[in-house]
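Chemist: One file is attached below, start26.cif, containing mmCIF, C-alpha atoms.
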```cif
data_my_file
#
loop_
_atom_site.group_PDB
_atom_site.id
_atom_site.type_symbol
_atom_site.label_atom_id
_atom_site.label_comp_id
_atom_site.auth_asym_id
_atom_site.auth_seq_id
_atom_site.Cartn_x
_atom_site.Cartn_y
_atom_site.Cartn_z
ATOM 1 C CA ALA A 1 -23.539 -67.508 -5.407
ATOM 2 C CA GLN A 2 -20.735 -68.586 -3.147
ATOM 3 C CA SER A 3 -20.385 -71.228 -0.472
ATOM 4 C CA VAL A 4 -17.793 -72.618 1.906
ATOM 5 C CA THR A 5 -17.400 -76.178 3.163
ATOM 6 C CA GLN A 6 -15.476 -77.104 6.269
ATOM 7 C CA LEU A 7 -15.763 -80.854 6.435
ATOM 8 C CA ASP A 8 -14.176 -81.295 9.848
ATOM 9 C CA SER A 9 -16.332 -80.020 12.683
ATOM 10 C CA GLN A 10 -13.750 -80.962 15.312
ATOM 11 C CA VAL A 11 -10.024 -81.615 15.091
ATOM 12 C CA PRO A 12 -8.137 -82.889 18.140
ATOM 13 C CA VAL A 13 -4.365 -82.627 17.972
ATOM 14 C CA PHE A 14 -1.547 -83.028 20.473
ATOM 15 C CA GLU A 15 0.453 -80.020 21.530
ATOM 16 C CA GLU A 16 3.465 -79.306 19.285
ATOM 17 C CA ALA A 17 2.051 -81.493 16.509
ATOM 18 C CA PRO A 18 1.211 -80.035 13.085
ATOM 19 C CA VAL A 19 -2.365 -79.355 12.078
ATOM 20 C CA GLU A 20 -4.297 -78.762 8.872
ATOM 21 C CA LEU A 21 -7.845 -77.443 8.834
ATOM 22 C CA ARG A 22 -9.580 -78.012 5.539
ATOM 23 C CA CYS A 23 -11.663 -75.535 3.587
ATOM 24 C CA ASN A 24 -13.224 -75.821 0.149
ATOM 25 C CA TYR A 25 -15.191 -73.100 -1.548
ATOM 26 C CA SER A 26 -17.336 -72.533 -4.591
ATOM 27 C CA SER A 27 -17.944 -69.264 -6.341
ATOM 28 C CA SER A 28 -18.947 -68.048 -9.764
ATOM 29 C CA VAL A 29 -16.638 -65.031 -9.568
ATOM 30 C CA SER A 30 -13.105 -64.360 -8.491
ATOM 31 C CA VAL A 31 -12.783 -64.747 -4.771
ATOM 32 C CA TYR A 32 -11.188 -63.389 -1.713
ATOM 33 C CA LEU A 33 -10.582 -65.961 1.020
ATOM 34 C CA PHE A 34 -10.237 -65.564 4.761
ATOM 35 C CA TRP A 35 -9.598 -67.516 7.919
ATOM 36 C CA TYR A 36 -10.942 -66.209 11.208
ATOM 37 C CA VAL A 37 -10.420 -67.490 14.745
ATOM 38 C CA GLN A 38 -13.009 -67.277 17.498
ATOM 39 C CA TYR A 39 -12.032 -67.831 21.115
ATOM 40 C CA PRO A 40 -14.819 -68.759 23.558
ATOM 41 C CA ASN A 41 -17.355 -65.986 24.075
ATOM 42 C CA GLN A 42 -15.458 -63.590 21.841
ATOM 43 C CA GLY A 43 -15.824 -62.127 18.392
ATOM 44 C CA LEU A 44 -13.947 -63.149 15.294
ATOM 45 C CA GLN A 45 -10.358 -62.199 14.708
ATOM 46 C CA LEU A 46 -8.821 -62.247 11.246
ATOM 47 C CA LEU A 47 -5.960 -64.765 10.975
ATOM 48 C CA LEU A 48 -5.075 -64.259 7.330
ATOM 49 C CA LYS A 49 -6.535 -63.436 3.954
ATOM 50 C CA TYR A 50 -5.924 -64.118 0.298
ATOM 51 C CA LEU A 51 -6.764 -61.339 -2.119
ATOM 52 C CA SER A 52 -4.354 -61.919 -4.999
ATOM 53 C CA GLY A 53 -0.705 -62.666 -5.695
ATOM 54 C CA SER A 54 1.233 -65.393 -3.949
ATOM 55 C CA THR A 55 -0.891 -68.418 -3.220
ATOM 56 C CA LEU A 56 0.843 -69.045 0.101
ATOM 57 C CA VAL A 57 -0.418 -66.639 2.683
ATOM 58 C CA LYS A 58 1.109 -66.163 6.091
ATOM 59 C CA GLY A 59 -0.953 -64.916 9.002
ATOM 60 C CA ILE A 60 -0.729 -64.226 12.678
ATOM 61 C CA ASN A 61 0.175 -66.735 15.395
ATOM 62 C CA GLY A 62 2.275 -68.835 13.000
ATOM 63 C CA PHE A 63 -0.618 -69.888 10.757
ATOM 64 C CA GLU A 64 -0.456 -70.068 6.985
ATOM 65 C CA ALA A 65 -2.825 -71.088 4.214
ATOM 66 C CA GLU A 66 -2.457 -72.027 0.587
ATOM 67 C CA PHE A 67 -4.889 -71.000 -2.126
ATOM 68 C CA ASN A 68 -5.375 -73.779 -4.664
ATOM 69 C CA LYS A 69 -7.592 -72.599 -7.504
ATOM 70 C CA SER A 70 -7.769 -75.940 -9.316
ATOM 71 C CA GLN A 71 -8.924 -77.727 -6.182
ATOM 72 C CA THR A 72 -10.934 -74.740 -4.925
ATOM 73 C CA SER A 73 -9.314 -75.119 -1.542
ATOM 74 C CA PHE A 74 -7.823 -72.842 1.071
ATOM 75 C CA HIS A 75 -6.508 -75.115 3.819
ATOM 76 C CA LEU A 76 -5.088 -73.652 7.020
ATOM 77 C CA ARG A 77 -1.880 -75.076 8.493
ATOM 78 C CA LYS A 78 0.378 -74.662 11.464
ATOM 79 C CA PRO A 79 3.560 -76.703 11.913
ATOM 80 C CA SER A 80 3.391 -76.844 15.713
ATOM 81 C CA VAL A 81 0.300 -75.994 17.742
ATOM 82 C CA HIS A 82 0.088 -74.605 21.255
ATOM 83 C CA ILE A 83 -2.564 -74.997 23.915
ATOM 84 C CA SER A 84 -3.528 -71.387 23.269
ATOM 85 C CA ASP A 85 -4.557 -72.295 19.711
ATOM 86 C CA THR A 86 -7.609 -74.104 21.075
ATOM 87 C CA ALA A 87 -10.466 -72.211 19.462
ATOM 88 C CA GLU A 88 -12.938 -72.375 16.612
ATOM 89 C CA TYR A 89 -11.716 -71.523 13.137
ATOM 90 C CA PHE A 90 -13.897 -70.218 10.340
ATOM 91 C CA CYS A 91 -13.098 -70.164 6.655
ATOM 92 C CA ALA A 92 -14.861 -67.466 4.651
ATOM 93 C CA VAL A 93 -15.188 -66.327 1.051
ATOM 94 C CA SER A 94 -16.265 -63.105 -0.563
ATOM 95 C CA GLY A 95 -16.511 -61.649 -4.024
ATOM 96 C CA PRO A 96 -14.750 -58.485 -5.092
ATOM 97 C CA ASN A 97 -15.392 -55.366 -3.106
ATOM 98 C CA SER A 98 -18.195 -53.386 -4.727
ATOM 99 C CA GLY A 99 -18.409 -49.794 -3.609
ATOM 100 C CA GLY A 100 -17.137 -50.729 -0.170
ATOM 101 C CA TYR A 101 -19.551 -53.651 0.141
ATOM 102 C CA GLN A 102 -17.972 -57.027 0.644
ATOM 103 C CA LYS A 103 -20.471 -59.797 1.325
ATOM 104 C CA VAL A 104 -18.747 -62.572 3.228
ATOM 105 C CA THR A 105 -19.995 -66.154 3.421
ATOM 106 C CA PHE A 106 -18.738 -68.240 6.333
ATOM 107 C CA GLY A 107 -18.223 -71.941 6.749
ATOM 108 C CA THR A 108 -19.685 -73.798 9.694
ATOM 109 C CA GLY A 109 -16.420 -73.759 11.594
ATOM 110 C CA THR A 110 -13.842 -76.258 12.840
ATOM 111 C CA LYS A 111 -13.154 -76.605 16.537
ATOM 112 C CA LEU A 112 -9.471 -77.173 17.142
ATOM 113 C CA GLN A 113 -8.751 -78.884 20.438
ATOM 114 C CA VAL A 114 -5.107 -78.981 21.416
ATOM 115 C CA ILE A 115 -4.350 -81.803 23.825
ATOM 116 C CA PRO A 116 -1.508 -81.351 26.332
ATOM 117 C CA ASN B 117 -8.527 -46.401 18.379
ATOM 118 C CA ALA B 118 -11.256 -48.426 20.022
ATOM 119 C CA GLY B 119 -12.516 -51.481 18.214
ATOM 120 C CA VAL B 120 -16.082 -52.315 17.327
ATOM 121 C CA MET B 121 -18.265 -52.040 20.404
ATOM 122 C CA GLN B 122 -21.431 -53.997 21.022
ATOM 123 C CA ASN B 123 -23.815 -53.767 23.922
ATOM 124 C CA PRO B 124 -25.154 -55.372 25.818
ATOM 125 C CA ARG B 125 -22.855 -58.371 25.775
ATOM 126 C CA HIS B 126 -25.582 -60.564 27.192
ATOM 127 C CA LEU B 127 -29.315 -60.016 26.915
ATOM 128 C CA VAL B 128 -32.117 -62.116 28.356
ATOM 129 C CA ARG B 129 -35.650 -61.612 27.124
ATOM 130 C CA ARG B 130 -38.899 -63.444 27.691
ATOM 131 C CA ARG B 131 -40.882 -64.635 24.715
ATOM 132 C CA GLY B 132 -42.845 -61.765 23.209
ATOM 133 C CA GLN B 133 -40.549 -58.992 24.427
ATOM 134 C CA GLU B 134 -38.397 -56.771 22.252
ATOM 135 C CA ALA B 135 -34.624 -56.993 21.968
ATOM 136 C CA ARG B 136 -32.463 -54.042 20.925
ATOM 137 C CA LEU B 137 -28.838 -54.705 20.101
ATOM 138 C CA ARG B 138 -26.382 -51.881 19.609
ATOM 139 C CA CYS B 139 -23.226 -51.670 17.555
ATOM 140 C CA SER B 140 -20.766 -48.784 17.520
ATOM 141 C CA PRO B 141 -18.415 -49.125 14.551
ATOM 142 C CA MET B 142 -14.750 -48.279 14.618
ATOM 143 C CA LYS B 143 -13.960 -44.619 14.229
ATOM 144 C CA GLY B 144 -14.071 -43.615 10.584
ATOM 145 C CA HIS B 145 -16.043 -46.674 9.477
ATOM 146 C CA SER B 146 -19.286 -46.025 7.662
ATOM 147 C CA HIS B 147 -20.196 -49.605 6.751
ATOM 148 C CA VAL B 148 -21.884 -51.958 9.223
ATOM 149 C CA TYR B 149 -22.775 -55.621 8.839
ATOM 150 C CA TRP B 150 -24.894 -57.756 11.172
ATOM 151 C CA TYR B 151 -24.464 -61.515 11.445
ATOM 152 C CA ARG B 152 -26.239 -64.174 13.471
ATOM 153 C CA GLN B 153 -24.531 -67.254 14.861
ATOM 154 C CA LEU B 154 -26.811 -70.040 15.965
ATOM 155 C CA PRO B 155 -25.415 -72.722 18.273
ATOM 156 C CA GLU B 156 -23.017 -75.063 16.466
ATOM 157 C CA GLU B 157 -23.277 -73.053 13.245
ATOM 158 C CA GLY B 158 -21.226 -70.486 11.411
ATOM 159 C CA LEU B 159 -22.080 -66.853 11.005
ATOM 160 C CA LYS B 160 -24.968 -66.026 8.723
ATOM 161 C CA PHE B 161 -25.173 -62.642 7.045
ATOM 162 C CA MET B 162 -28.238 -60.647 7.986
ATOM 163 C CA VAL B 163 -27.945 -57.065 6.777
ATOM 164 C CA TYR B 164 -25.490 -54.496 5.448
ATOM 165 C CA LEU B 165 -25.945 -50.810 6.148
ATOM 166 C CA GLN B 166 -24.243 -47.557 5.378
ATOM 167 C CA LYS B 167 -25.049 -44.371 7.219
ATOM 168 C CA GLU B 168 -28.833 -43.878 7.042
ATOM 169 C CA ASN B 169 -29.232 -46.535 4.343
ATOM 170 C CA ILE B 170 -29.973 -50.243 4.239
ATOM 171 C CA ILE B 171 -27.999 -51.586 1.300
ATOM 172 C CA ASP B 172 -28.596 -55.335 1.502
ATOM 173 C CA GLU B 173 -31.065 -56.991 3.862
ATOM 174 C CA SER B 174 -31.296 -60.276 2.005
ATOM 175 C CA GLY B 175 -30.377 -62.238 5.138
ATOM 176 C CA MET B 176 -32.932 -60.664 7.435
ATOM 177 C CA PRO B 177 -36.033 -62.632 8.423
ATOM 178 C CA LYS B 178 -39.045 -61.030 6.780
ATOM 179 C CA GLU B 179 -40.880 -60.358 10.013
ATOM 180 C CA ARG B 180 -39.978 -58.996 13.452
ATOM 181 C CA PHE B 181 -36.408 -58.009 12.539
ATOM 182 C CA SER B 182 -35.259 -54.542 11.571
ATOM 183 C CA ALA B 183 -31.991 -52.637 11.474
ATOM 184 C CA GLU B 184 -30.926 -49.046 11.252
ATOM 185 C CA PHE B 185 -27.726 -47.039 11.166
ATOM 186 C CA PRO B 186 -28.610 -43.410 11.834
ATOM 187 C CA LYS B 187 -26.500 -40.416 10.967
ATOM 188 C CA GLU B 188 -25.576 -40.074 14.620
ATOM 189 C CA GLY B 189 -25.244 -42.903 17.078
ATOM 190 C CA PRO B 190 -24.826 -46.647 16.894
ATOM 191 C CA SER B 191 -26.400 -49.129 14.557
ATOM 192 C CA ILE B 192 -29.387 -50.897 16.089
ATOM 193 C CA LEU B 193 -30.677 -54.388 15.387
ATOM 194 C CA ARG B 194 -34.214 -54.690 16.690
ATOM 195 C CA ILE B 195 -36.089 -57.930 17.205
ATOM 196 C CA GLN B 196 -39.750 -57.617 18.093
ATOM 197 C CA GLN B 197 -41.783 -60.306 19.858
ATOM 198 C CA VAL B 198 -38.805 -62.572 20.373
ATOM 199 C CA VAL B 199 -39.185 -66.341 20.209
ATOM 200 C CA ARG B 200 -36.936 -69.097 21.537
ATOM 201 C CA GLY B 201 -35.474 -69.622 18.069
ATOM 202 C CA ASP B 202 -34.022 -66.097 18.189
ATOM 203 C CA SER B 203 -31.571 -67.216 20.876
ATOM 204 C CA ALA B 204 -28.167 -66.777 19.287
ATOM 205 C CA ALA B 205 -25.041 -64.676 19.229
ATOM 206 C CA TYR B 206 -25.379 -61.545 17.117
ATOM 207 C CA PHE B 207 -22.213 -60.007 15.770
ATOM 208 C CA CYS B 208 -21.691 -56.775 14.012
ATOM 209 C CA ALA B 209 -18.716 -55.850 11.895
ATOM 210 C CA SER B 210 -17.623 -52.529 10.518
ATOM 211 C CA SER B 211 -15.412 -51.519 7.647
ATOM 212 C CA SER B 212 -14.228 -48.434 5.851
ATOM 213 C CA SER B 213 -13.925 -49.942 2.384
ATOM 214 C CA GLY B 214 -13.039 -53.596 2.644
ATOM 215 C CA GLU B 215 -11.840 -55.698 5.558
ATOM 216 C CA GLN B 216 -14.454 -56.205 8.223
ATOM 217 C CA TYR B 217 -13.628 -55.857 11.892
ATOM 218 C CA PHE B 218 -15.860 -57.744 14.284
ATOM 219 C CA GLY B 219 -17.293 -56.783 17.622
ATOM 220 C CA PRO B 220 -17.429 -59.169 20.605
ATOM 221 C CA GLY B 221 -21.084 -59.998 19.983
ATOM 222 C CA THR B 222 -24.325 -59.901 21.929
ATOM 223 C CA ARG B 223 -25.580 -63.203 23.231
ATOM 224 C CA LEU B 224 -29.361 -63.186 23.264
ATOM 225 C CA THR B 225 -31.208 -65.733 25.344
ATOM 226 C CA VAL B 226 -34.963 -65.994 25.039
ATOM 227 C CA THR B 227 -36.665 -67.712 27.953
#
```
Just give me the structure as structure tokens.
Modeler:
Amino acid sequence: AQSVTQLDSQVPVFEEAPVELRCNYSSSVSVYLFWYVQYPNQGLQLLLKYLSGSTLVKGINGFEAEFNKSQTSFHLRKPSVHISDTAEYFCAVSGPNSGGYQKVTFGTGTKLQVIP
Amino acid sequence: NAGVMQNPRHLVRRRGQEARLRCSPMKGHSHVYWYRQLPEEGLKFMVYLQKENIIDESGMPKERFSAEFPKEGPSILRIQQVVRGDSAAYFCASSSSGEQYFGPGTRLTVT
């Protein structure tokens, strides 16, 4: 079984300030980790993913995340946010791909509000 | 290459009616997933299908909900006798062998 915890439901931050969105996971098998962004009334867009290799993963729009196995965390960071980053962010975990099937479990989401 | 298409984008049904949600996967993708997003919650897995086969429906409610992915045409998520609690956003995602690509969702409102 796998689960994802996003403790912060809302994160307000001033424009051009740094931000960290927290994500912790639990899984009994090796994991793949993802961050998705959802803009209002839209579907999910993949920001970045960790499959293996370097624990620091860089994604689109200047976001990055670090996989920490000992702390079972995969926090998302951006050094300087823009108004356009206002959206909801979902952390997700899956087990290894099995015959093309990859069951993904999502966290409850963190709403990032960038304040001008 | 068009992305994952879902229609309708918005659907209003009265209690007791049927809702049919359609998902056209990306070209070349033979795997489809359906998720439900209730207000203020994350996405919950419902069902995973390959062409003509339901592989994992562990997230589907036992009654009133069904899904199919025929050899030709889109995948369909069908909800019979809708109730107010079915109001949610329903997303489908498709993949070829790994990463899932999401559609824009269908927002179902039951009045």
Chemist: With 8 Å as the limit and counting only C-alpha atoms, what residues in chain A lie close to chain B? Please list them as an MDAnalysis selection string.
Modeler: chainID A and resid 41:45 90 97 99:109
Chemist: Mind giving me the straight-line distance from CA of Leu48 in chain A to CA of Pro79 in chain A in Å, one decimal?
Modeler: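 According to the coordinates, CA of Leu48 in chain A and CA of Pro79 in chain A are separated by 15.8 Å.
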Chemist: Restricting the calculation to all atoms listed in the file: of A:Val37, A:Val4, A:Ala65, A:Ala87, which residue gets closest to Tyr25 in chain A?
Modeler: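 Ranked by minimum distance to Tyr25 in chain A, first place goes to A:Val4.
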Chemist: Given the file shown, enumerate the residues that the PyMOL selection byres ((chain B and resi 126-137) around 8) captures and present them as a PDB file with C-alpha atoms, in the frame of the given file.
Modeler:
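The new file selection-v3.pdb reads:
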```
ATOM      1  CA  GLN B 122     -21.431 -53.997  21.022  1.00  0.00           C
ATOM      2  CA  ASN B 123     -23.815 -53.767  23.922  1.00  0.00           C
ATOM      3  CA  PRO B 124     -25.154 -55.372  25.818  1.00  0.00           C
ATOM      4  CA  ARG B 125     -22.855 -58.371  25.775  1.00  0.00           C
ATOM      5  CA  ARG B 138     -26.382 -51.881  19.609  1.00  0.00           C
ATOM      6  CA  CYS B 139     -23.226 -51.670  17.555  1.00  0.00           C
ATOM      7  CA  ILE B 192     -29.387 -50.897  16.089  1.00  0.00           C
ATOM      8  CA  LEU B 193     -30.677 -54.388  15.387  1.00  0.00           C
ATOM      9  CA  ARG B 194     -34.214 -54.690  16.690  1.00  0.00           C
ATOM     10  CA  ILE B 195     -36.089 -57.930  17.205  1.00  0.00           C
ATOM     11  CA  GLN B 196     -39.750 -57.617  18.093  1.00  0.00           C
ATOM     12  CA  GLN B 197     -41.783 -60.306  19.858  1.00  0.00           C
ATOM     13  CA  VAL B 198     -38.805 -62.572  20.373  1.00  0.00           C
ATOM     14  CA  VAL B 199     -39.185 -66.341  20.209  1.00  0.00           C
ATOM     15  CA  ARG B 200     -36.936 -69.097  21.537  1.00  0.00           C
ATOM     16  CA  THR B 222     -24.325 -59.901  21.929  1.00  0.00           C
ATOM     17  CA  ARG B 223     -25.580 -63.203  23.231  1.00  0.00           C
ATOM     18  CA  LEU B 224     -29.361 -63.186  23.264  1.00  0.00           C
ATOM     19  CA  THR B 225     -31.208 -65.733  25.344  1.00  0.00           C
ATOM     20  CA  VAL B 226     -34.963 -65.994  25.039  1.00  0.00           C
ATOM     21  CA  THR B 227     -36.665 -67.712  27.953  1.00  0.00           C
TER      22      THR B 227
END
```
Chemist: Run the PyMOL selection byres ((chain A and resi 69) around 12) mentally over the shown coordinates, then write out the matched residues as a CSV table (one decimal) with C-alpha atoms, in the frame of the given file, using the chain letters and numbers from the document.
Modeler:
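That gives us result34.csv:
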```csv
chain,number,residue,atom,x,y,z
A,24,ASN,CA,-13.2,-75.8,0.1
A,25,TYR,CA,-15.2,-73.1,-1.5
A,26,SER,CA,-17.3,-72.5,-4.6
A,27,SER,CA,-17.9,-69.3,-6.3
A,29,VAL,CA,-16.6,-65.0,-9.6
A,30,SER,CA,-13.1,-64.4,-8.5
A,31,VAL,CA,-12.8,-64.7,-4.8
A,32,TYR,CA,-11.2,-63.4,-1.7
A,33,LEU,CA,-10.6,-66.0,1.0
A,50,TYR,CA,-5.9,-64.1,0.3
A,52,SER,CA,-4.4,-61.9,-5.0
A,54,SER,CA,1.2,-65.4,-3.9
A,55,THR,CA,-0.9,-68.4,-3.2
A,56,LEU,CA,0.8,-69.0,0.1
A,66,GLU,CA,-2.5,-72.0,0.6
A,67,PHE,CA,-4.9,-71.0,-2.1
A,68,ASN,CA,-5.4,-73.8,-4.7
A,70,SER,CA,-7.8,-75.9,-9.3
A,71,GLN,CA,-8.9,-77.7,-6.2
A,72,THR,CA,-10.9,-74.7,-4.9
A,73,SER,CA,-9.3,-75.1,-1.5
A,74,PHE,CA,-7.8,-72.8,1.1
A,75,HIS,CA,-6.5,-75.1,3.8
```
Chemist: Between CA of Asp8 in chain A and CA of Gly201 in chain B, measure the distance and give it in Å to one decimal.
Modeler: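 Going from CA of Asp8 in chain A over to CA of Gly201 in chain B, I get 25.6 Å.
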Chemist: Please provide the set of residues having any atom within 8 Å of Lys78 in chain A, restricted to only C-alpha atoms, with same-chain residues fewer than 6 positions apart removed, written as a list in words.
Modeler: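 Using only C-alpha atoms, the neighbours found are Pro18, Val19, Glu20, Gly62, Phe63 and Glu64 of chain A.
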Chemist: Taking the file as shown, what set of residues would the PyMOL selection byres ((chain B and resi 143) around 8) give back, as a list in words?
Modeler: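 Given this file, the PyMOL selection byres ((chain B and resi 143) around 8) evaluates to Asn117, Ala118, Pro141, Met142, Gly144 and His145 of chain B.
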